[in-house]
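Working notes for the structure below.
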Amino acid sequence: MAQSDTAPSVTPPVARLIEAFHRLPGIGPKSAQRLTYHLIRMPKEEAEEFAGAIAELKDRVVLCDTCANISESAECQICTDLQRDKTRICVVEEPLDVIAIERARVYSGKYHILHGVISPVNGIGPNDLKLRELLERLRDGSVTEVIVATNPNLEGEATAMYIQQLIGPLDVKVTRLARGLPSGSDIEYADDSTLAHALESRAEIS
Amino acid sequence: MTTKRRPITYTTEGVVVRISNLGEADRIITLVTPIHGLVRGVAKASRKPGSKIGGHLDMLKHVSVSVRETSTLHGLSQASTLNGFRKLRDDLERFSRASYISEISEQFSVENGSNQPLFRLLLSVLEALETTTNTDMITRFFEMRLLQLSGFQPEMSRCVETGIELKPANHLYSAERGGLLSNQAKPVIETALLPASLNTIKLLRFLSKAKLMNAKVIKAGEEEKRQLSRILRAQIHYVLDRGLRSEAFMDEVRSKKTET
Ligand SMILES: [Zn+2]
């Protein structure tokens, strides 16, 4: 579809860049065109800086051998930090989730990044996630709790269920982030799953 | 379309069959609806925790939603859940089946193509999957009914090669030819053939006439179930001209279940 939007009036380098942008997540054909034409108007130095940043990213950024977070070396800063609690691992979908949880400054354990969730309709199964690596980390018995922090939607929940079944036979506690009403929201607009979870995990007012 | 027309807004029910992220906090939601067929639209800011619609527009939920049609992506708002199918959410096997069923429904739907029978079938099968212990037969029922609704009912009484009425015996199935092939027939043009035992053929015929409530109680041996599944799947692949992405996970969950 994208091709018919751009072809045949644009020159090949322009079409190629539009195609490249279009492959990025969340970028539709219109946005891809807009970004490309923005780059055409950009001063040459700025464009080179931009291209250089992408090249450097691929050269210098790797996935941490332990937790699969993005890192500049084989072990990331969090994994090498001796101050952090190494008995707990928080499992998240994406590196951005680590940043969000770190920003809240309430968690001092380690992380494990799955790089996705089980999504059958997109052909993504357990083998496409960093699950084998997670099991590997639990093998020596030093981890006592795995906190599953996948998103509270269908595929995030299914992934959490899968992890729970996978780790079940090991002597490790598996917990799930509490789900319920988000702060500042309105009960009137809450969906049934949110309300059900909020009721299930209700707490006594103390 | 060159003339600018006023955007049309309507409210519809639908089942969410696909979600992808767009930009910072938006999502593109795809729904199968009864009147408007496949509807794709943007749910603005639906990834933010405070979103009024984000929780409703989740995969495999039956929702009511307001659609504002535009020449590009439609806008979605005012979503509310009609049935959250919660029991499909806390069991991996039911989840894997429901994912498969929603993917097929998406593949057999087109934009603006009203298909009320397909929509009703999708809803009733999702409902059945919530409670049944016979997820296998409910899935086969769905496949068979979907083929029938789409005009691809498998030929089960006459040989697709010779046209001769089939005797009660073990025969073969050709997805390409759309039905059973007599074990005596020699296909003129080469075609992939699947085994169809007499019992499998009986199951196929029964499924083609059964109501959902009858499908729930069908019992069959492992070999018949396997043949039935291969035949219906091959037929769906042939119609769609491709396989389905959700098959791998469904098969994995199923094989784990039979292991234990
Ligand atoms: Zn690390």
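By convention in this document, the chains of the structure tokens carry letters A, B, ... by their order, each chain's residues are numbered from 1, and ligands are numbered from 1 in the order they are shown.
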**OP:** Restrict the distance test to only C-alpha atoms, flag each residue of chain B within 8 Å of chain A, and return the flagged residues as number ranges by chain.
**Re:** B: 18, 20-23, 49-53, 55-56, 58-60, 80-81, 84, 86, 89-92, 95-96, 99-100, 103, 244-250
Residues just named, written with N, CA, C and O atoms as a short mmCIF file (atom, residue, chain, number, x, y, z; two decimals), in the first residue's frame:
```cif
data_model
loop_
_atom_site.label_atom_id
_atom_site.label_comp_id
_atom_site.auth_asym_id
_atom_site.auth_seq_id
_atom_site.Cartn_x
_atom_site.Cartn_y
_atom_site.Cartn_z
N ARG B 18 -7.22 -6.88 16.41
CA ARG B 18 -5.81 -6.52 16.23
C ARG B 18 -5.55 -5.15 16.83
O ARG B 18 -6.39 -4.26 16.76
N SER B 20 -2.24 -2.25 17.24
CA SER B 20 -0.83 -1.89 17.10
C SER B 20 -0.64 -0.47 17.63
O SER B 20 -1.57 0.33 17.62
N ASN B 21 0.56 -0.21 18.11
CA ASN B 21 0.83 1.10 18.67
C ASN B 21 1.08 2.11 17.56
O ASN B 21 1.60 1.79 16.51
N LEU B 22 0.68 3.34 17.83
CA LEU B 22 0.90 4.42 16.87
C LEU B 22 1.44 5.62 17.64
O LEU B 22 0.82 6.08 18.59
N GLY B 23 2.59 6.13 17.20
CA GLY B 23 3.17 7.31 17.83
C GLY B 23 3.39 7.10 19.31
O GLY B 23 3.67 6.00 19.77
N PRO B 49 -2.47 5.64 31.16
CA PRO B 49 -3.24 5.00 32.23
C PRO B 49 -4.60 5.64 32.47
O PRO B 49 -5.56 4.95 32.80
N GLY B 50 -4.74 6.92 32.26
CA GLY B 50 -6.00 7.58 32.55
C GLY B 50 -7.02 7.48 31.42
O GLY B 50 -8.14 7.99 31.55
N SER B 51 -6.68 6.80 30.32
CA SER B 51 -7.56 6.77 29.16
C SER B 51 -8.92 6.15 29.48
O SER B 51 -9.01 5.12 30.14
N LYS B 52 -9.98 6.81 28.96
CA LYS B 52 -11.33 6.29 29.20
C LYS B 52 -11.64 5.11 28.31
O LYS B 52 -12.58 4.36 28.55
N ILE B 53 -10.90 4.98 27.20
CA ILE B 53 -11.25 3.91 26.25
C ILE B 53 -10.22 2.80 26.17
O ILE B 53 -10.52 1.70 25.72
N GLY B 55 -8.85 0.69 28.24
CA GLY B 55 -9.16 -0.59 28.87
C GLY B 55 -10.24 -1.37 28.14
O GLY B 55 -10.27 -2.59 28.17
N HIS B 56 -11.10 -0.66 27.45
CA HIS B 56 -12.19 -1.32 26.71
C HIS B 56 -11.70 -1.88 25.39
O HIS B 56 -12.12 -2.95 24.97
N ASP B 58 -9.38 -3.59 24.18
CA ASP B 58 -8.33 -4.59 24.26
C ASP B 58 -8.73 -5.78 23.38
O ASP B 58 -9.90 -5.97 23.08
N MET B 59 -7.73 -6.56 23.01
CA MET B 59 -7.95 -7.73 22.15
C MET B 59 -9.08 -8.61 22.68
O MET B 59 -9.20 -8.82 23.89
N LEU B 60 -9.87 -9.17 21.75
CA LEU B 60 -10.90 -10.15 22.06
C LEU B 60 -12.00 -9.64 22.97
O LEU B 60 -12.63 -10.41 23.68
N SER B 80 -17.14 1.20 25.12
CA SER B 80 -17.52 0.53 26.36
C SER B 80 -17.62 -0.96 26.10
O SER B 80 -17.92 -1.40 24.98
N THR B 81 -17.35 -1.74 27.14
CA THR B 81 -17.31 -3.19 26.98
C THR B 81 -18.71 -3.79 27.05
O THR B 81 -19.46 -3.50 27.97
N GLY B 84 -16.41 -8.78 28.05
CA GLY B 84 -14.95 -8.80 28.12
C GLY B 84 -14.36 -10.20 27.95
O GLY B 84 -13.15 -10.34 27.89
N ARG B 86 -13.90 -12.67 29.95
CA ARG B 86 -12.83 -12.76 30.95
C ARG B 86 -12.24 -14.15 31.09
O ARG B 86 -11.07 -14.31 31.42
N ARG B 89 -9.24 -15.01 29.20
CA ARG B 89 -8.05 -14.27 29.59
C ARG B 89 -7.25 -14.93 30.69
O ARG B 89 -6.14 -14.54 30.96
N ASP B 90 -7.84 -15.90 31.38
CA ASP B 90 -7.05 -16.50 32.45
C ASP B 90 -6.76 -17.97 32.20
O ASP B 90 -6.56 -18.74 33.13
N ASP B 91 -6.72 -18.35 30.94
CA ASP B 91 -6.40 -19.73 30.59
C ASP B 91 -5.68 -19.70 29.23
O ASP B 91 -6.22 -19.23 28.25
N LEU B 92 -4.45 -20.22 29.23
CA LEU B 92 -3.63 -20.11 28.00
C LEU B 92 -4.24 -20.86 26.82
O LEU B 92 -4.14 -20.41 25.69
N PHE B 95 -7.14 -18.88 25.50
CA PHE B 95 -6.55 -17.69 24.88
C PHE B 95 -5.98 -18.02 23.50
O PHE B 95 -6.20 -17.28 22.53
N SER B 96 -5.27 -19.15 23.40
CA SER B 96 -4.64 -19.48 22.12
C SER B 96 -5.70 -19.80 21.05
O SER B 96 -5.57 -19.42 19.90
N SER B 99 -7.44 -16.54 20.00
CA SER B 99 -6.56 -15.75 19.14
C SER B 99 -6.66 -16.26 17.70
O SER B 99 -6.74 -15.48 16.74
N TYR B 100 -6.65 -17.59 17.56
CA TYR B 100 -6.74 -18.21 16.24
C TYR B 100 -8.07 -17.85 15.58
O TYR B 100 -8.12 -17.45 14.41
N GLU B 103 -8.11 -14.27 14.52
CA GLU B 103 -7.28 -14.02 13.33
C GLU B 103 -7.99 -14.47 12.06
O GLU B 103 -8.00 -13.76 11.05
N LEU B 244 -1.99 -19.29 9.03
CA LEU B 244 -2.35 -18.29 10.03
C LEU B 244 -1.25 -18.21 11.09
O LEU B 244 -0.70 -19.23 11.50
N ARG B 245 -0.95 -16.99 11.48
CA ARG B 245 0.17 -16.78 12.39
C ARG B 245 -0.06 -17.40 13.77
O ARG B 245 0.86 -17.80 14.44
N SER B 246 -1.33 -17.44 14.17
CA SER B 246 -1.62 -17.89 15.53
C SER B 246 -1.60 -19.41 15.67
O SER B 246 -1.75 -19.93 16.76
N GLU B 247 -1.42 -20.13 14.56
CA GLU B 247 -1.45 -21.60 14.63
C GLU B 247 -0.33 -22.16 15.49
O GLU B 247 -0.54 -23.09 16.27
N ALA B 248 0.87 -21.59 15.33
CA ALA B 248 2.04 -22.15 16.01
C ALA B 248 1.84 -22.17 17.52
O ALA B 248 2.07 -23.18 18.18
N PHE B 249 1.37 -21.04 18.06
CA PHE B 249 1.20 -20.97 19.52
C PHE B 249 0.08 -21.90 19.99
O PHE B 249 0.20 -22.59 21.00
N MET B 250 -1.00 -21.96 19.20
CA MET B 250 -2.11 -22.84 19.55
C MET B 250 -1.64 -24.30 19.59
O MET B 250 -1.95 -25.03 20.53
#
```
Original post:
If you count only C-alpha atoms, which residues fall within 6 Å of Ile28 of chain B, apart from same-chain ones fewer than 6 positions away, as a PyMOL selection string?
Top reply: chain B and resi 19-20+41-42
**OP:** Go through the chains and note each residue within 9 Å of ligand 1, using only C-alpha atoms and all ligand atoms, then give the set as a VMD selection string.
**Re:** chain A and resid 63 to 71 74 to 80 110 to 113
**OP:** List every residue of segment 38-199 of chain A that DSSP, applied to the backbone, labels as strand (DSSP E or B), and write the result as an MDAnalysis selection string.
**Re:** chainID A and resid 62:63 70:71 85:92 109:113 119 124 145:148 173:176
Export of the given selection (N, CA, C and O atoms) as a compact mmCIF listing (two decimals), in the first residue's frame:
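Just written: part_6.txt:
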```txt
# COMPACT_ATOMS: atom_id res chain seq x y z
N VAL A 62 24.64 -2.68 22.60
CA VAL A 62 24.37 -4.12 22.53
C VAL A 62 23.30 -4.46 23.57
O VAL A 62 22.89 -3.61 24.35
N LEU A 63 22.89 -5.70 23.57
CA LEU A 63 21.99 -6.15 24.64
C LEU A 63 22.83 -6.76 25.75
O LEU A 63 23.76 -7.52 25.49
N ILE A 70 19.24 -2.71 26.91
CA ILE A 70 20.22 -2.10 26.02
C ILE A 70 21.36 -1.56 26.85
O ILE A 70 21.17 -1.00 27.93
N SER A 71 22.57 -1.75 26.34
CA SER A 71 23.75 -1.50 27.15
C SER A 71 24.92 -1.12 26.24
O SER A 71 24.90 -1.40 25.04
N ASP A 85 19.49 -5.17 44.85
CA ASP A 85 19.03 -6.44 45.40
C ASP A 85 19.00 -7.51 44.30
O ASP A 85 18.20 -7.42 43.37
N LYS A 86 19.89 -8.51 44.45
CA LYS A 86 19.93 -9.49 43.36
C LYS A 86 19.04 -10.71 43.62
O LYS A 86 19.08 -11.69 42.90
N THR A 87 18.20 -10.63 44.65
CA THR A 87 17.28 -11.74 44.89
C THR A 87 15.95 -11.53 44.16
O THR A 87 15.11 -12.42 44.14
N ARG A 88 15.77 -10.32 43.61
CA ARG A 88 14.51 -10.07 42.90
C ARG A 88 14.75 -9.66 41.44
O ARG A 88 15.64 -8.85 41.17
N ILE A 89 13.93 -10.18 40.55
CA ILE A 89 14.00 -9.80 39.14
C ILE A 89 12.63 -9.31 38.70
O ILE A 89 11.62 -9.98 38.91
N CYS A 90 12.61 -8.12 38.12
CA CYS A 90 11.37 -7.58 37.58
C CYS A 90 11.37 -7.81 36.07
O CYS A 90 12.26 -7.33 35.37
N VAL A 91 10.39 -8.54 35.57
CA VAL A 91 10.32 -8.89 34.15
C VAL A 91 9.45 -7.88 33.40
O VAL A 91 8.28 -7.69 33.75
N VAL A 92 10.02 -7.22 32.40
CA VAL A 92 9.26 -6.22 31.65
C VAL A 92 9.28 -6.56 30.15
O VAL A 92 10.09 -7.36 29.70
N GLY A 109 15.65 -3.87 42.83
CA GLY A 109 16.12 -5.18 42.36
C GLY A 109 16.65 -5.10 40.94
O GLY A 109 16.93 -4.03 40.42
N LYS A 110 16.76 -6.28 40.33
CA LYS A 110 17.27 -6.35 38.96
C LYS A 110 16.09 -6.44 37.97
O LYS A 110 14.94 -6.55 38.39
N TYR A 111 16.43 -6.45 36.70
CA TYR A 111 15.40 -6.53 35.65
C TYR A 111 15.67 -7.68 34.69
O TYR A 111 16.78 -8.21 34.63
N HIS A 112 14.64 -7.99 33.94
CA HIS A 112 14.83 -8.87 32.78
C HIS A 112 13.91 -8.40 31.68
O HIS A 112 12.70 -8.25 31.89
N ILE A 113 14.47 -8.15 30.51
CA ILE A 113 13.66 -7.58 29.41
C ILE A 113 13.33 -8.68 28.39
O ILE A 113 14.21 -9.32 27.82
N SER A 119 2.18 -12.91 21.30
CA SER A 119 1.12 -12.30 20.49
C SER A 119 0.80 -13.21 19.32
O SER A 119 1.35 -13.07 18.23
N ILE A 124 4.05 -14.08 17.23
CA ILE A 124 5.11 -14.03 18.24
C ILE A 124 4.80 -15.01 19.36
O ILE A 124 3.77 -14.91 20.03
N GLU A 145 12.42 -14.06 44.09
CA GLU A 145 11.14 -13.53 43.60
C GLU A 145 11.27 -12.99 42.17
O GLU A 145 12.21 -12.27 41.85
N VAL A 146 10.30 -13.38 41.34
CA VAL A 146 10.21 -12.82 39.99
C VAL A 146 8.93 -11.99 39.94
O VAL A 146 7.84 -12.50 40.19
N ILE A 147 9.08 -10.70 39.67
CA ILE A 147 7.92 -9.80 39.59
C ILE A 147 7.58 -9.61 38.12
O ILE A 147 8.38 -9.07 37.36
N VAL A 148 6.43 -10.09 37.71
CA VAL A 148 6.06 -9.96 36.30
C VAL A 148 5.36 -8.62 36.08
O VAL A 148 4.28 -8.38 36.61
N LYS A 173 9.27 -17.43 44.07
CA LYS A 173 7.95 -16.80 44.17
C LYS A 173 7.70 -15.97 42.91
O LYS A 173 8.57 -15.20 42.50
N VAL A 174 6.54 -16.14 42.28
CA VAL A 174 6.21 -15.31 41.12
C VAL A 174 5.09 -14.36 41.50
O VAL A 174 4.02 -14.78 41.94
N THR A 175 5.34 -13.07 41.35
CA THR A 175 4.30 -12.09 41.66
C THR A 175 3.98 -11.28 40.41
O THR A 175 4.72 -11.30 39.44
N ARG A 176 2.85 -10.59 40.47
CA ARG A 176 2.38 -9.81 39.32
C ARG A 176 2.08 -8.42 39.83
O ARG A 176 1.53 -8.28 40.94
```
Original post:
What's the 10 Å shell around Arg230 of chain B, counting only C-alpha atoms, without same-chain residues fewer than 6 positions away, as a list in words?
Top reply: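 Counting only the stated atoms, we get Tyr173, Leu194, Pro195, Ala196, Glu224 and Ile236 of chain B.
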Output file for the residues above (N, CA, C and O atoms, as a PDB file, in the first residue's frame):
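After the write, out20.pdb holds the following:
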```pdb
ATOM      1  N   TYR B 173      -8.946 -36.400   0.954  1.00  0.00           N
ATOM      2  CA  TYR B 173      -9.471 -35.037   0.861  1.00  0.00           C
ATOM      3  C   TYR B 173      -8.496 -34.161   0.086  1.00  0.00           C
ATOM      4  O   TYR B 173      -7.291 -34.181   0.343  1.00  0.00           O
ATOM      5  N   LEU B 194      -5.137 -35.581   1.564  1.00  0.00           N
ATOM      6  CA  LEU B 194      -5.071 -35.865   2.996  1.00  0.00           C
ATOM      7  C   LEU B 194      -5.937 -37.081   3.296  1.00  0.00           C
ATOM      8  O   LEU B 194      -6.982 -37.267   2.671  1.00  0.00           O
ATOM      9  N   PRO B 195      -5.524 -37.907   4.243  1.00  0.00           N
ATOM     10  CA  PRO B 195      -6.355 -39.059   4.592  1.00  0.00           C
ATOM     11  C   PRO B 195      -7.646 -38.614   5.275  1.00  0.00           C
ATOM     12  O   PRO B 195      -7.649 -37.658   6.061  1.00  0.00           O
ATOM     13  N   ALA B 196      -8.749 -39.289   4.930  1.00  0.00           N
ATOM     14  CA  ALA B 196     -10.042 -39.022   5.574  1.00  0.00           C
ATOM     15  C   ALA B 196     -10.705 -40.366   5.838  1.00  0.00           C
ATOM     16  O   ALA B 196     -11.308 -40.957   4.940  1.00  0.00           O
ATOM     17  N   GLU B 224      -8.914 -39.346  14.506  1.00  0.00           N
ATOM     18  CA  GLU B 224      -9.981 -38.637  13.779  1.00  0.00           C
ATOM     19  C   GLU B 224      -9.858 -37.126  13.981  1.00  0.00           C
ATOM     20  O   GLU B 224     -10.014 -36.351  13.047  1.00  0.00           O
ATOM     21  N   ILE B 236      -8.910 -23.987   4.811  1.00  0.00           N
ATOM     22  CA  ILE B 236      -8.828 -22.554   5.128  1.00  0.00           C
ATOM     23  C   ILE B 236      -7.562 -21.942   4.527  1.00  0.00           C
ATOM     24  O   ILE B 236      -7.605 -20.871   3.923  1.00  0.00           O
TER      25      ILE B 236
END
```
Subject >> Expected answer as an MDAnalysis selection string: helix (DSSP H, G or I) residues in segment 6-84 of chain A >> reply: chainID A and resid 6 12:22 29:41 44:60 77:80
